[in-house]
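Colleague: My file is input.pdb. It has PDB, C-alpha atoms:
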ATOM      1  CA  MET A   6      14.249  19.770 -10.198
ATOM      2  CA  ASN A   7      11.960  20.638  -7.336
ATOM      3  CA  SER A   8       9.444  17.897  -6.743
ATOM      4  CA  ARG A   9       7.728  19.927  -4.055
ATOM      5  CA  LYS A  10       5.892  22.191  -6.396
ATOM      6  CA  ASN A  11       3.343  19.410  -6.590
ATOM      7  CA  THR A  12       2.958  19.404  -2.856
ATOM      8  CA  ASN A  13      -0.603  19.603  -1.735
ATOM      9  CA  ALA A  14      -2.312  19.487   1.622
ATOM     10  CA  GLN A  15      -2.286  15.674   1.747
ATOM     11  CA  PRO A  16      -0.569  14.661   4.995
ATOM     12  CA  CYS A  17      -0.627  11.029   3.840
ATOM     13  CA  PRO A  18       2.493  10.027   1.923
ATOM     14  CA  VAL A  19       0.554   7.340   0.032
ATOM     15  CA  ALA A  20      -1.884   9.936  -1.290
ATOM     16  CA  ARG A  21       0.863  12.357  -2.183
ATOM     17  CA  SER A  22       2.702   9.643  -4.136
ATOM     18  CA  LEU A  23      -0.474   8.675  -5.942
ATOM     19  CA  ASP A  24      -1.114  12.293  -6.916
ATOM     20  CA  LEU A  25       2.094  12.063  -8.946
ATOM     21  CA  ILE A  26       2.323   8.491 -10.109
ATOM     22  CA  GLY A  27      -1.080   6.911  -9.439
ATOM     23  CA  ASP A  28      -1.868   6.232 -13.030
ATOM     24  CA  ARG A  29      -1.464   3.126 -15.141
ATOM     25  CA  TRP A  30       0.398   4.747 -18.040
ATOM     26  CA  THR A  31       2.643   6.715 -15.717
ATOM     27  CA  LEU A  32       3.745   3.602 -13.883
ATOM     28  CA  LEU A  33       4.201   1.680 -17.143
ATOM     29  CA  VAL A  34       6.478   4.480 -18.380
ATOM     30  CA  VAL A  35       8.467   4.211 -15.133
ATOM     31  CA  ARG A  36       8.669   0.422 -15.570
ATOM     32  CA  ASP A  37       9.963   0.870 -19.128
ATOM     33  CA  ALA A  38      12.503   3.434 -17.934
ATOM     34  CA  PHE A  39      13.834   0.838 -15.457
ATOM     35  CA  ASP A  40      14.072  -1.556 -18.411
ATOM     36  CA  GLY A  41      16.353   0.921 -20.200
ATOM     37  CA  ILE A  42      13.889   2.512 -22.597
ATOM     38  CA  ARG A  43      14.800   6.166 -23.165
ATOM     39  CA  ARG A  44      13.213   7.479 -26.344
ATOM     40  CA  PHE A  45       9.723   8.662 -27.044
ATOM     41  CA  SER A  46       9.335   6.364 -30.025
ATOM     42  CA  ASP A  47      10.514   3.355 -28.031
ATOM     43  CA  PHE A  48       8.112   4.053 -25.154
ATOM     44  CA  GLN A  49       5.363   4.497 -27.699
ATOM     45  CA  ARG A  50       6.086   1.267 -29.534
ATOM     46  CA  ASN A  51       6.467  -0.758 -26.369
ATOM     47  CA  LEU A  52       3.351   0.576 -24.667
ATOM     48  CA  GLY A  53       1.091   1.021 -27.672
ATOM     49  CA  VAL A  54      -0.102   4.270 -26.130
ATOM     50  CA  ALA A  55      -1.422   7.315 -27.996
ATOM     51  CA  ARG A  56       1.233   9.972 -28.611
ATOM     52  CA  ASN A  57      -0.655  12.721 -26.807
ATOM     53  CA  ILE A  58      -1.123  10.592 -23.705
ATOM     54  CA  LEU A  59       2.523   9.575 -23.705
ATOM     55  CA  SER A  60       3.643  13.198 -24.156
ATOM     56  CA  GLU A  61       1.543  14.328 -21.253
ATOM     57  CA  ARG A  62       2.732  11.545 -18.946
ATOM     58  CA  LEU A  63       6.394  12.141 -19.814
ATOM     59  CA  ARG A  64       5.992  15.865 -19.203
ATOM     60  CA  ARG A  65       4.386  15.235 -15.818
ATOM     61  CA  LEU A  66       7.152  12.843 -14.848
ATOM     62  CA  VAL A  67       9.793  15.401 -15.831
ATOM     63  CA  ASP A  68       7.936  18.144 -13.923
ATOM     64  CA  ALA A  69       7.762  15.872 -10.900
ATOM     65  CA  GLY A  70      11.501  15.196 -11.015
ATOM     66  CA  VAL A  71      11.062  11.469 -11.688
ATOM     67  CA  LEU A  72      12.509  11.633 -15.207
ATOM     68  CA  ALA A  73      15.022  14.063 -16.655
ATOM     69  CA  THR A  74      15.690  14.807 -20.304
ATOM     70  CA  GLN A  75      19.143  14.654 -21.816
ATOM     71  CA  PRO A  76      20.591  14.739 -25.341
ATOM     72  CA  ALA A  77      20.566  11.345 -27.067
ATOM     73  CA  SER A  78      23.580   9.183 -26.291
ATOM     74  CA  ASP A  79      24.249   8.684 -30.031
ATOM     75  CA  SER A  80      24.501  12.453 -30.702
ATOM     76  CA  SER A  81      21.370  12.374 -32.823
ATOM     77  CA  ALA A  82      18.788  15.122 -32.522
ATOM     78  CA  TYR A  83      16.600  13.032 -30.237
ATOM     79  CA  GLN A  84      16.278  13.635 -26.572
ATOM     80  CA  GLU A  85      16.220  10.869 -24.028
ATOM     81  CA  TYR A  86      14.258  10.412 -20.828
ATOM     82  CA  VAL A  87      16.187   8.937 -17.936
ATOM     83  CA  LEU A  88      15.284   8.220 -14.331
ATOM     84  CA  THR A  89      16.579  10.725 -11.791
ATOM     85  CA  GLU A  90      17.692   9.549  -8.340
ATOM     86  CA  GLN A  91      14.151  10.252  -7.182
ATOM     87  CA  GLY A  92      12.874   8.157 -10.083
ATOM     88  CA  LYS A  93      15.259   5.283  -9.325
ATOM     89  CA  ALA A  94      13.887   5.356  -5.791
ATOM     90  CA  LEU A  95      10.606   4.034  -7.240
ATOM     91  CA  PHE A  96      12.251   0.622  -7.657
ATOM     92  CA  PRO A  97      10.523  -0.821  -4.549
ATOM     93  CA  VAL A  98       7.140   0.336  -5.915
ATOM     94  CA  VAL A  99       7.722  -1.439  -9.235
ATOM     95  CA  VAL A 100       9.033  -4.568  -7.491
ATOM     96  CA  ALA A 101       6.021  -4.652  -5.147
ATOM     97  CA  LEU A 102       3.612  -4.377  -8.097
ATOM     98  CA  ARG A 103       5.519  -7.122  -9.918
ATOM     99  CA  GLN A 104       5.571  -9.499  -6.974
ATOM    100  CA  TRP A 105       1.871  -9.039  -6.271
ATOM    101  CA  GLY A 106       1.092  -9.727  -9.923
ATOM    102  CA  GLU A 107       3.330 -12.798 -10.000
ATOM    103  CA  ARG A 108       1.655 -14.305  -6.961
ATOM    104  CA  HIS A 109      -1.945 -13.375  -7.587
ATOM    105  CA  LEU A 110      -2.601 -12.750 -11.272
ATOM    106  CA  PHE A 111      -0.905 -15.672 -13.014
ATOM    107  CA  ALA A 112      -2.023 -19.257 -13.122
ATOM    108  CA  GLU A 113       0.305 -21.738 -11.468
ATOM    109  CA  HIS A 114       2.293 -22.700 -14.529
ATOM    110  CA  GLU A 115       1.686 -19.591 -16.567
ATOM    111  CA  ALA A 116       4.922 -18.017 -17.775
ATOM    112  CA  HIS A 117       5.852 -14.426 -17.008
ATOM    113  CA  SER A 118       8.875 -12.195 -17.322
ATOM    114  CA  GLU A 119      11.245 -12.403 -14.367
ATOM    115  CA  LEU A 120      13.243  -9.790 -12.484
ATOM    116  CA  VAL A 121      16.648 -11.283 -11.775
ATOM    117  CA  GLU A 122      19.882 -10.154 -10.216
ATOM    118  CA  LYS A 123      22.348  -9.684 -13.089
ATOM    119  CA  ARG A 124      25.310 -11.147 -11.222
ATOM    120  CA  THR A 125      23.636 -14.386 -10.183
ATOM    121  CA  GLY A 126      20.816 -14.657 -12.719
ATOM    122  CA  LYS A 127      18.502 -15.512  -9.830
ATOM    123  CA  PRO A 128      15.102 -13.957  -9.117
ATOM    124  CA  LEU A 129      14.910 -11.448  -6.284
ATOM    125  CA  GLY A 130      13.572 -12.519  -2.911
ATOM    126  CA  PHE A 131      10.067 -11.613  -1.854
ATOM    127  CA  MET A 132       9.985  -8.058  -0.523
ATOM    128  CA  ALA A 133       7.952  -7.758   2.662
ATOM    129  CA  PRO A 134       7.408  -4.835   5.033
ATOM    130  CA  GLN A 135       9.642  -5.136   8.075
ATOM    131  CA  ALA A 136       9.969  -3.687  11.533
ATOM    132  CA  MET A 137      13.094  -1.647  12.287
ATOM    133  CA  ASP A 138      14.821  -4.806  13.530
ATOM    134  CA  GLY A 139      14.113  -6.729  10.324
ATOM    135  CA  ARG A 140      11.162  -8.849  11.463
ATOM    136  CA  GLU A 141       8.476  -9.140   8.792
ATOM    137  CA  VAL A 142       5.241  -7.423   9.781
ATOM    138  CA  SER A 143       1.792  -7.915   8.331
ATOM    139  CA  ALA A 144      -0.700  -5.114   7.808
ATOM    140  CA  ASP A 145      -2.675  -6.314  10.851
ATOM    141  CA  GLU A 146       0.340  -5.696  13.059
ATOM    142  CA  THR A 147       0.611  -2.073  11.994
ATOM    143  CA  GLU A 148      -1.431   1.089  12.204
ATOM    144  CA  VAL A 149      -1.256   4.550  10.737
ATOM    145  CA  ARG A 150      -0.610   7.303  13.253
ATOM    146  CA  LYS A 151      -2.356  10.307  11.776
ATOM    147  CA  LEU A 152      -1.406  13.896  12.382
ATOM    148  CA  SER A 153      -3.466  15.274  15.220
TER     149      SER A 153
ATOM    150  CA  MET B   9     -13.415 -15.186  -6.353
ATOM    151  CA  ASN B  10     -11.405 -15.852  -9.445
ATOM    152  CA  SER B  11      -8.971 -13.065 -10.123
ATOM    153  CA  ARG B  12      -7.884 -14.638 -13.357
ATOM    154  CA  LYS B  13     -10.901 -13.609 -15.328
ATOM    155  CA  ASN B  14      -9.057 -10.326 -15.766
ATOM    156  CA  THR B  15      -6.046 -12.098 -17.162
ATOM    157  CA  ASN B  16      -4.915 -10.670 -20.438
ATOM    158  CA  ALA B  17      -1.991 -11.362 -22.719
ATOM    159  CA  GLN B  18       0.421  -9.234 -20.665
ATOM    160  CA  PRO B  19       3.361 -11.458 -19.758
ATOM    161  CA  CYS B  20       4.697  -8.693 -17.475
ATOM    162  CA  PRO B  21       3.411  -8.977 -13.910
ATOM    163  CA  VAL B  22       3.811  -5.212 -13.399
ATOM    164  CA  ALA B  23       1.488  -4.502 -16.327
ATOM    165  CA  ARG B  24      -1.022  -7.094 -15.208
ATOM    166  CA  SER B  25      -1.124  -5.589 -11.705
ATOM    167  CA  LEU B  26      -1.563  -2.114 -13.128
ATOM    168  CA  ASP B  27      -4.450  -3.282 -15.292
ATOM    169  CA  LEU B  28      -6.287  -4.011 -12.057
ATOM    170  CA  ILE B  29      -5.048  -1.441  -9.576
ATOM    171  CA  GLY B  30      -3.157   1.173 -11.616
ATOM    172  CA  ASP B  31      -5.453   4.017 -10.765
ATOM    173  CA  ARG B  32      -5.253   6.693  -8.096
ATOM    174  CA  TRP B  33      -8.753   6.199  -6.648
ATOM    175  CA  THR B  34      -8.397   2.435  -6.663
ATOM    176  CA  LEU B  35      -5.197   2.556  -4.661
ATOM    177  CA  LEU B  36      -6.617   5.156  -2.265
ATOM    178  CA  VAL B  37      -9.575   2.832  -1.631
ATOM    179  CA  VAL B  38      -7.113   0.016  -0.918
ATOM    180  CA  ARG B  39      -5.160   2.304   1.436
ATOM    181  CA  ASP B  40      -8.374   3.201   3.284
ATOM    182  CA  ALA B  41      -9.320  -0.474   3.532
ATOM    183  CA  PHE B  42      -5.957  -1.129   5.220
ATOM    184  CA  ASP B  43      -6.833   1.704   7.615
ATOM    185  CA  GLY B  44      -9.999  -0.136   8.593
ATOM    186  CA  ILE B  45     -12.566   1.736   6.527
ATOM    187  CA  ARG B  46     -15.354  -0.602   5.418
ATOM    188  CA  ARG B  47     -18.445   1.336   4.437
ATOM    189  CA  PHE B  48     -19.293   3.141   1.245
ATOM    190  CA  SER B  49     -20.195   6.342   3.108
ATOM    191  CA  ASP B  50     -16.929   6.280   5.062
ATOM    192  CA  PHE B  51     -14.823   5.761   1.921
ATOM    193  CA  GLN B  52     -16.752   8.571   0.295
ATOM    194  CA  ARG B  53     -16.302  11.003   3.166
ATOM    195  CA  ASN B  54     -12.642  10.209   3.612
ATOM    196  CA  LEU B  55     -11.749  10.410  -0.077
ATOM    197  CA  GLY B  56     -14.115  13.149  -1.187
ATOM    198  CA  VAL B  57     -14.732  11.154  -4.356
ATOM    199  CA  ALA B  58     -17.896  11.226  -6.466
ATOM    200  CA  ARG B  59     -20.314   8.415  -5.627
ATOM    201  CA  ASN B  60     -20.373   6.991  -9.159
ATOM    202  CA  ILE B  61     -16.573   6.823  -9.307
ATOM    203  CA  LEU B  62     -16.380   5.187  -5.892
ATOM    204  CA  SER B  63     -19.091   2.668  -6.844
ATOM    205  CA  GLU B  64     -17.255   1.722  -9.984
ATOM    206  CA  ARG B  65     -13.884   1.345  -8.240
ATOM    207  CA  LEU B  66     -15.372  -0.764  -5.436
ATOM    208  CA  ARG B  67     -17.116  -2.986  -7.957
ATOM    209  CA  ARG B  68     -13.900  -3.498  -9.898
ATOM    210  CA  LEU B  69     -11.994  -4.325  -6.713
ATOM    211  CA  VAL B  70     -14.648  -6.884  -5.736
ATOM    212  CA  ASP B  71     -14.599  -8.363  -9.266
ATOM    213  CA  ALA B  72     -10.826  -8.600  -9.069
ATOM    214  CA  GLY B  73     -10.944 -10.436  -5.748
ATOM    215  CA  VAL B  74      -9.153  -7.646  -3.861
ATOM    216  CA  LEU B  75     -12.180  -6.717  -1.752
ATOM    217  CA  ALA B  76     -15.109  -8.856  -0.663
ATOM    218  CA  THR B  77     -18.487  -7.695   0.557
ATOM    219  CA  GLN B  78     -20.007  -8.890   3.807
ATOM    220  CA  PRO B  79     -22.986  -7.911   5.962
ATOM    221  CA  ALA B  80     -22.275  -5.004   8.284
ATOM    222  CA  SER B  81     -20.690  -6.023  11.600
ATOM    223  CA  ASP B  82     -23.394  -4.110  13.520
ATOM    224  CA  SER B  83     -26.241  -6.062  11.879
ATOM    225  CA  SER B  84     -27.480  -2.948  10.112
ATOM    226  CA  ALA B  85     -28.625  -3.119   6.519
ATOM    227  CA  TYR B  86     -25.306  -1.828   5.220
ATOM    228  CA  GLN B  87     -22.762  -3.973   3.545
ATOM    229  CA  GLU B  88     -19.073  -3.718   4.241
ATOM    230  CA  TYR B  89     -16.057  -4.004   1.980
ATOM    231  CA  VAL B  90     -13.112  -5.909   3.410
ATOM    232  CA  LEU B  91      -9.757  -6.896   2.012
ATOM    233  CA  THR B  92      -9.441 -10.511   0.905
ATOM    234  CA  GLU B  93      -6.161 -12.386   1.364
ATOM    235  CA  GLN B  94      -5.245 -11.258  -2.151
ATOM    236  CA  GLY B  95      -6.085  -7.703  -1.133
ATOM    237  CA  LYS B  96      -4.029  -7.907   2.068
ATOM    238  CA  ALA B  97      -1.144  -9.028  -0.106
ATOM    239  CA  LEU B  98      -1.089  -5.482  -1.522
ATOM    240  CA  PHE B  99       0.468  -4.292   1.740
ATOM    241  CA  PRO B 100       3.992  -4.089   0.230
ATOM    242  CA  VAL B 101       2.637  -1.953  -2.628
ATOM    243  CA  VAL B 102       1.041   0.521  -0.213
ATOM    244  CA  VAL B 103       4.155   0.575   1.988
ATOM    245  CA  ALA B 104       6.407   1.190  -1.025
ATOM    246  CA  LEU B 105       4.211   4.098  -2.172
ATOM    247  CA  ARG B 106       4.229   5.516   1.365
ATOM    248  CA  GLN B 107       7.986   5.248   1.803
ATOM    249  CA  TRP B 108       8.706   6.852  -1.556
ATOM    250  CA  GLY B 109       6.365   9.730  -0.697
ATOM    251  CA  GLU B 110       7.914  10.170   2.755
ATOM    252  CA  ARG B 111      11.402  10.411   1.339
ATOM    253  CA  HIS B 112      10.773  12.409  -1.800
ATOM    254  CA  LEU B 113       7.585  14.434  -1.537
ATOM    255  CA  PHE B 114       7.802  16.031   1.899
ATOM    256  CA  ALA B 115      10.026  18.860   3.000
ATOM    257  CA  GLU B 116      12.549  17.956   5.675
ATOM    258  CA  HIS B 117      10.507  18.975   8.686
ATOM    259  CA  GLU B 118       7.086  18.646   7.122
ATOM    260  CA  ALA B 119       4.794  16.433   9.166
ATOM    261  CA  HIS B 120       3.085  13.378   7.732
ATOM    262  CA  SER B 121       1.125  10.412   8.984
ATOM    263  CA  GLU B 122       3.278   7.487  10.059
ATOM    264  CA  LEU B 123       2.924   3.742   9.646
ATOM    265  CA  VAL B 124       3.986   2.139  12.910
ATOM    266  CA  GLU B 125       4.116  -1.329  14.358
ATOM    267  CA  LYS B 126       1.284  -1.546  16.914
ATOM    268  CA  ARG B 127       3.283  -3.517  19.446
ATOM    269  CA  THR B 128       6.273  -1.188  19.579
ATOM    270  CA  GLY B 129       4.800   2.071  18.283
ATOM    271  CA  LYS B 130       7.866   2.401  16.058
ATOM    272  CA  PRO B 131       7.862   3.198  12.339
ATOM    273  CA  LEU B 132       8.579   0.328   9.968
ATOM    274  CA  GLY B 133      12.024  -0.080   8.489
ATOM    275  CA  PHE B 134      12.729   0.964   4.921
ATOM    276  CA  MET B 135      11.633  -1.768   2.532
ATOM    277  CA  ALA B 136      14.183  -2.434  -0.196
ATOM    278  CA  PRO B 137      14.327  -5.076  -2.913
ATOM    279  CA  GLN B 138      16.621  -7.920  -1.916
ATOM    280  CA  ALA B 139      18.416 -10.818  -3.493
ATOM    281  CA  MET B 140      17.390 -14.326  -2.387
ATOM    282  CA  ASP B 141      20.074 -14.218   0.314
ATOM    283  CA  GLY B 142      18.822 -10.942   1.763
ATOM    284  CA  ARG B 143      21.381  -8.538   0.264
ATOM    285  CA  GLU B 144      19.771  -5.282  -0.876
ATOM    286  CA  VAL B 145      19.895  -4.842  -4.635
ATOM    287  CA  SER B 146      19.475  -1.669  -6.641
ATOM    288  CA  ALA B 147      17.652  -1.473  -9.953
ATOM    289  CA  ASP B 148      20.993  -1.223 -11.768
ATOM    290  CA  GLU B 149      21.985  -4.616 -10.407
ATOM    291  CA  THR B 150      18.903  -6.291 -11.851
ATOM    292  CA  GLU B 151      17.400  -6.989 -15.226
ATOM    293  CA  VAL B 152      14.122  -8.302 -16.535
ATOM    294  CA  ARG B 153      14.330 -11.648 -18.282
ATOM    295  CA  LYS B 154      11.554 -11.524 -20.840
ATOM    296  CA  LEU B 155       9.757 -14.507 -22.232
ATOM    297  CA  SER B 156      11.412 -15.581 -25.462
TER     298      SER B 156
END
Starting from the file, give its structure as C-alpha cells.

Modeller:
Amino acid sequence: MNSRKNTNAQPCPVARSLDLIGDRWTLLVVRDAFDGIRRFSDFQRNLGVARNILSERLRRLVDAGVLATQPASDSSAYQEYVLTEQGKALFPVVVALRQWGERHLFAEHEAHSELVEKRTGKPLGFMAPQAMDGREVSADETEVRKLS
Amino acid sequence: MNSRKNTNAQPCPVARSLDLIGDRWTLLVVRDAFDGIRRFSDFQRNLGVARNILSERLRRLVDAGVLATQPASDSSAYQEYVLTEQGKALFPVVVALRQWGERHLFAEHEAHSELVEKRTGKPLGFMAPQAMDGREVSADETEVRKLS
C-alpha cells in the first residue's frame, strides 16, 4: 500500500494530511474504525451517511493506505475494513479532536462519551504539544520553519 | 462568543468537533491563523482558495468562536481575523495532523516545513496520547465508554 501516490507539491505536512483526511465523513469513518466497526453496513448505520458517499470515502481511505480490506472474520461473504499501521497512527488526531470538543463544545455538565484506558477504566490525560524534553509548549512559543 | 449554539445531539466529542472544523479549507485557515496570517487577502493568496469559499469558512469560524475579528493593527480599514482562546486550543489538532503527515506522507529524505520551538529552534517532540499518569497508550489499550 503506497500512500505516496497521493503526494503533491505541498511542503506542509498539515496540508498534505488534510488532502487525504480533511473531510468530516472521512474522519468519522476513521473514528468508527478505532471503535471496532469493520463492515460497510455497520459504518452506514452508525453514521447515517448515504451509501455512495460512504463507498467513496472508504475507497479513498483504502487507496491512501489508512484502511485495508480483508475477508470477514466470520467467513461470510462480506469484506471488512480495518485500520493499517498508518491508519492506527491517526490515533493522536482523533484524540486531539475529541479533547478539543470535550473542552469547548459541551456545556459544563453535559454528558459525552469518554475515551478511557481499558486496564484502569480512567480517562486519558490531556494531550498537549511538547518540546523534545517533555515541557508543554503553546502555539505562541513555536514557529513554522518553511522550506527556503 | 457562544460556541454552543452549534451544539447538536451528538454525544461524541469527535463528531461535534468535526461538525465545526471537519473540512479541509477550515483547517487550513486555522493552520494559517497559527502561522500569523490575519487578513482575508493573505489567507486567499496563501491558500489559493475561491473568495466565496474563504468568506464562508471565515464566517463559520467566527460564528463558532474559533476566530474573532478586530480592526487592522495598522489602523487601515481592513479587519483582521485572530484566533480566540478556543481557537488557540486547536493547537494539538494541528500538531497531530502535522506529525501524522511528517511520518506517513513524506518520503524518507523529502523536505518539509518544520514546527520548532522558538527559544531552542528545535522541532517539537512526538505528541502521543497518554494515560493520566503520563504513560503512552495506544488505541488498542483504550475504549470509548458511550452514554447509556

Colleague: Would you compute the distance between CA of Arg21 (chain A) and CA of Lys93 (chain A)? Give it in Å to one decimal.

Modeller: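 Going from CA of Arg21 (chain A) over to CA of Lys93 (chain A), I get 17.6 Å.
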
Colleague: Expand the PyMOL selection byres ((chain A and resi 58) around 12) into the explicit residue set it covers here, and present it as a list of chain:residue names.

Modeller: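 When the PyMOL selection byres ((chain A and resi 58) around 12) is applied to the shown file, the picked residues are A:Asp28, A:Arg29, A:Trp30, A:Thr31, A:Val34, A:Phe45, A:Phe48, A:Gln49, A:Leu52, A:Gly53, A:Val54, A:Ala55, A:Arg56, A:Asn57, A:Leu59, A:Ser60, A:Glu61, A:Arg62, A:Leu63, A:Arg64, A:Arg65.
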
Colleague: For a test of reading the model, state the distance in Å between CA of Glu148 (chain A) and CA of Ser81 (chain B), rounded to one decimal.

Modeller: 20.5 Å

Colleague: Write out as an MDAnalysis selection string the residues lying within 9 Å of Thr89 (chain A), counting all atoms listed in the file and excluding same-chain residues fewer than 4 positions away.

Modeller: chainID A and resid 70:73 93:94

Colleague: Can you translate the PyMOL selection byres ((chain B and resi 127-132) around 12) into the concrete residues it hits in this file, as a PyMOL selection string?

Modeller: (chain A and resi 133-150) or (chain B and resi 100+103-104+106-107+110+121-126+133-136)

Colleague: Compare B:Val101, B:Leu91, B:Ile29, B:Val70 by their minimum atom-to-atom distance to chain A, counting only C-alpha atoms, and give me the closest one.

Modeller: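 For chain A, the nearest of the candidates is B:Val101.
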
Colleague: Evaluated on this file, the PyMOL selection byres ((chain A and resi 42) around 12) picks out some residues - which ones are they, written as an MDAnalysis selection string?

Modeller: chainID A and resid 33:41 43:52 72 77 85:88

Colleague: Using every C-alpha atom paired in order, could you least-squares fit chain B onto chain A and give me the moved chain as a compact mmCIF listing (two decimals) with C-alpha atoms, in the frame of the given file?

Modeller:
# COMPACT_ATOMS: atom_id res chain seq x y z
CA MET B 9 14.22 19.78 -10.18
CA ASN B 10 11.97 20.62 -7.31
CA SER B 11 9.44 17.90 -6.71
CA ARG B 12 7.74 19.90 -4.03
CA LYS B 13 5.93 22.21 -6.35
CA ASN B 14 3.36 19.43 -6.56
CA THR B 15 2.98 19.38 -2.82
CA ASN B 16 -0.59 19.64 -1.72
CA ALA B 17 -2.31 19.50 1.64
CA GLN B 18 -2.29 15.68 1.75
CA PRO B 19 -0.57 14.68 4.99
CA CYS B 20 -0.63 11.03 3.85
CA PRO B 21 2.49 10.04 1.92
CA VAL B 22 0.55 7.35 0.03
CA ALA B 23 -1.90 9.94 -1.29
CA ARG B 24 0.86 12.36 -2.19
CA SER B 25 2.70 9.65 -4.14
CA LEU B 26 -0.48 8.69 -5.95
CA ASP B 27 -1.12 12.30 -6.92
CA LEU B 28 2.08 12.08 -8.94
CA ILE B 29 2.31 8.49 -10.11
CA GLY B 30 -1.11 6.94 -9.44
CA ASP B 31 -1.90 6.23 -13.04
CA ARG B 32 -1.46 3.12 -15.14
CA TRP B 33 0.40 4.75 -18.05
CA THR B 34 2.64 6.72 -15.72
CA LEU B 35 3.75 3.61 -13.89
CA LEU B 36 4.21 1.67 -17.13
CA VAL B 37 6.48 4.47 -18.38
CA VAL B 38 8.46 4.21 -15.14
CA ARG B 39 8.67 0.42 -15.56
CA ASP B 40 9.96 0.86 -19.12
CA ALA B 41 12.51 3.42 -17.94
CA PHE B 42 13.83 0.83 -15.46
CA ASP B 43 14.08 -1.57 -18.41
CA GLY B 44 16.35 0.89 -20.19
CA ILE B 45 13.90 2.50 -22.59
CA ARG B 46 14.79 6.15 -23.17
CA ARG B 47 13.22 7.45 -26.35
CA PHE B 48 9.72 8.66 -27.03
CA SER B 49 9.33 6.35 -30.04
CA ASP B 50 10.51 3.33 -28.04
CA PHE B 51 8.11 4.05 -25.16
CA GLN B 52 5.36 4.49 -27.70
CA ARG B 53 6.07 1.25 -29.54
CA ASN B 54 6.46 -0.77 -26.37
CA LEU B 55 3.34 0.58 -24.67
CA GLY B 56 1.09 1.04 -27.67
CA VAL B 57 -0.11 4.29 -26.12
CA ALA B 58 -1.42 7.32 -28.00
CA ARG B 59 1.24 9.96 -28.62
CA ASN B 60 -0.65 12.74 -26.83
CA ILE B 61 -1.12 10.60 -23.71
CA LEU B 62 2.53 9.57 -23.70
CA SER B 63 3.64 13.20 -24.17
CA GLU B 64 1.54 14.33 -21.27
CA ARG B 65 2.73 11.55 -18.95
CA LEU B 66 6.39 12.15 -19.82
CA ARG B 67 5.98 15.86 -19.22
CA ARG B 68 4.38 15.25 -15.83
CA LEU B 69 7.15 12.84 -14.85
CA VAL B 70 9.80 15.40 -15.84
CA ASP B 71 7.93 18.15 -13.93
CA ALA B 72 7.77 15.88 -10.91
CA GLY B 73 11.51 15.20 -11.00
CA VAL B 74 11.07 11.48 -11.69
CA LEU B 75 12.52 11.64 -15.20
CA ALA B 76 15.03 14.07 -16.66
CA THR B 77 15.68 14.80 -20.31
CA GLN B 78 19.14 14.65 -21.83
CA PRO B 79 20.59 14.73 -25.35
CA ALA B 80 20.56 11.36 -27.07
CA SER B 81 23.58 9.18 -26.27
CA ASP B 82 24.25 8.68 -30.01
CA SER B 83 24.50 12.43 -30.69
CA SER B 84 21.36 12.35 -32.82
CA ALA B 85 18.79 15.10 -32.53
CA TYR B 86 16.58 13.03 -30.24
CA GLN B 87 16.27 13.63 -26.58
CA GLU B 88 16.22 10.86 -24.04
CA TYR B 89 14.26 10.41 -20.84
CA VAL B 90 16.18 8.94 -17.93
CA LEU B 91 15.29 8.22 -14.34
CA THR B 92 16.58 10.72 -11.79
CA GLU B 93 17.69 9.55 -8.34
CA GLN B 94 14.14 10.25 -7.18
CA GLY B 95 12.87 8.16 -10.07
CA LYS B 96 15.26 5.28 -9.32
CA ALA B 97 13.89 5.35 -5.79
CA LEU B 98 10.61 4.04 -7.25
CA PHE B 99 12.25 0.63 -7.66
CA PRO B 100 10.52 -0.81 -4.55
CA VAL B 101 7.14 0.33 -5.91
CA VAL B 102 7.72 -1.44 -9.24
CA VAL B 103 9.04 -4.56 -7.49
CA ALA B 104 6.03 -4.65 -5.15
CA LEU B 105 3.62 -4.37 -8.10
CA ARG B 106 5.53 -7.12 -9.93
CA GLN B 107 5.58 -9.49 -6.97
CA TRP B 108 1.89 -9.03 -6.26
CA GLY B 109 1.09 -9.74 -9.92
CA GLU B 110 3.34 -12.81 -9.99
CA ARG B 111 1.66 -14.31 -6.96
CA HIS B 112 -1.94 -13.37 -7.59
CA LEU B 113 -2.59 -12.74 -11.27
CA PHE B 114 -0.89 -15.66 -13.00
CA ALA B 115 -2.02 -19.25 -13.13
CA GLU B 116 0.32 -21.72 -11.47
CA HIS B 117 2.30 -22.70 -14.53
CA GLU B 118 1.69 -19.57 -16.56
CA ALA B 119 4.92 -18.01 -17.77
CA HIS B 120 5.86 -14.42 -17.02
CA SER B 121 8.89 -12.19 -17.32
CA GLU B 122 11.25 -12.40 -14.37
CA LEU B 123 13.26 -9.80 -12.49
CA VAL B 124 16.66 -11.29 -11.77
CA GLU B 125 19.89 -10.15 -10.22
CA LYS B 126 22.37 -9.69 -13.09
CA ARG B 127 25.32 -11.14 -11.22
CA THR B 128 23.64 -14.38 -10.18
CA GLY B 129 20.82 -14.66 -12.72
CA LYS B 130 18.50 -15.52 -9.82
CA PRO B 131 15.10 -13.95 -9.14
CA LEU B 132 14.91 -11.45 -6.30
CA GLY B 133 13.58 -12.51 -2.93
CA PHE B 134 10.06 -11.60 -1.87
CA MET B 135 9.99 -8.06 -0.52
CA ALA B 136 7.95 -7.75 2.66
CA PRO B 137 7.41 -4.84 5.03
CA GLN B 138 9.65 -5.13 8.07
CA ALA B 139 9.97 -3.70 11.53
CA MET B 140 13.10 -1.65 12.29
CA ASP B 141 14.82 -4.81 13.52
CA GLY B 142 14.11 -6.73 10.32
CA ARG B 143 11.16 -8.86 11.48
CA GLU B 144 8.48 -9.14 8.79
CA VAL B 145 5.25 -7.43 9.78
CA SER B 146 1.80 -7.92 8.34
CA ALA B 147 -0.70 -5.12 7.80
CA ASP B 148 -2.68 -6.32 10.83
CA GLU B 149 0.34 -5.70 13.04
CA THR B 150 0.60 -2.07 11.97
CA GLU B 151 -1.44 1.08 12.19
CA VAL B 152 -1.27 4.55 10.73
CA ARG B 153 -0.62 7.30 13.24
CA LYS B 154 -2.37 10.31 11.77
CA LEU B 155 -1.42 13.89 12.40
CA SER B 156 -3.50 15.25 15.26

Colleague: Enter the distance from CA of Gln84 (chain A) to CA of Leu32 (chain A), in Å, rounded to one decimal.

Modeller: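 Computing it gives 20.5 Å between the two atoms.
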
Colleague: Smallest atom-to-atom distance to chain A: which of B:Tyr86, B:Ala72, B:Gly30, B:Glu93, using all atoms listed in the file?

Modeller: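 Closest to chain A, using all atoms listed in the file: B:Gly30.
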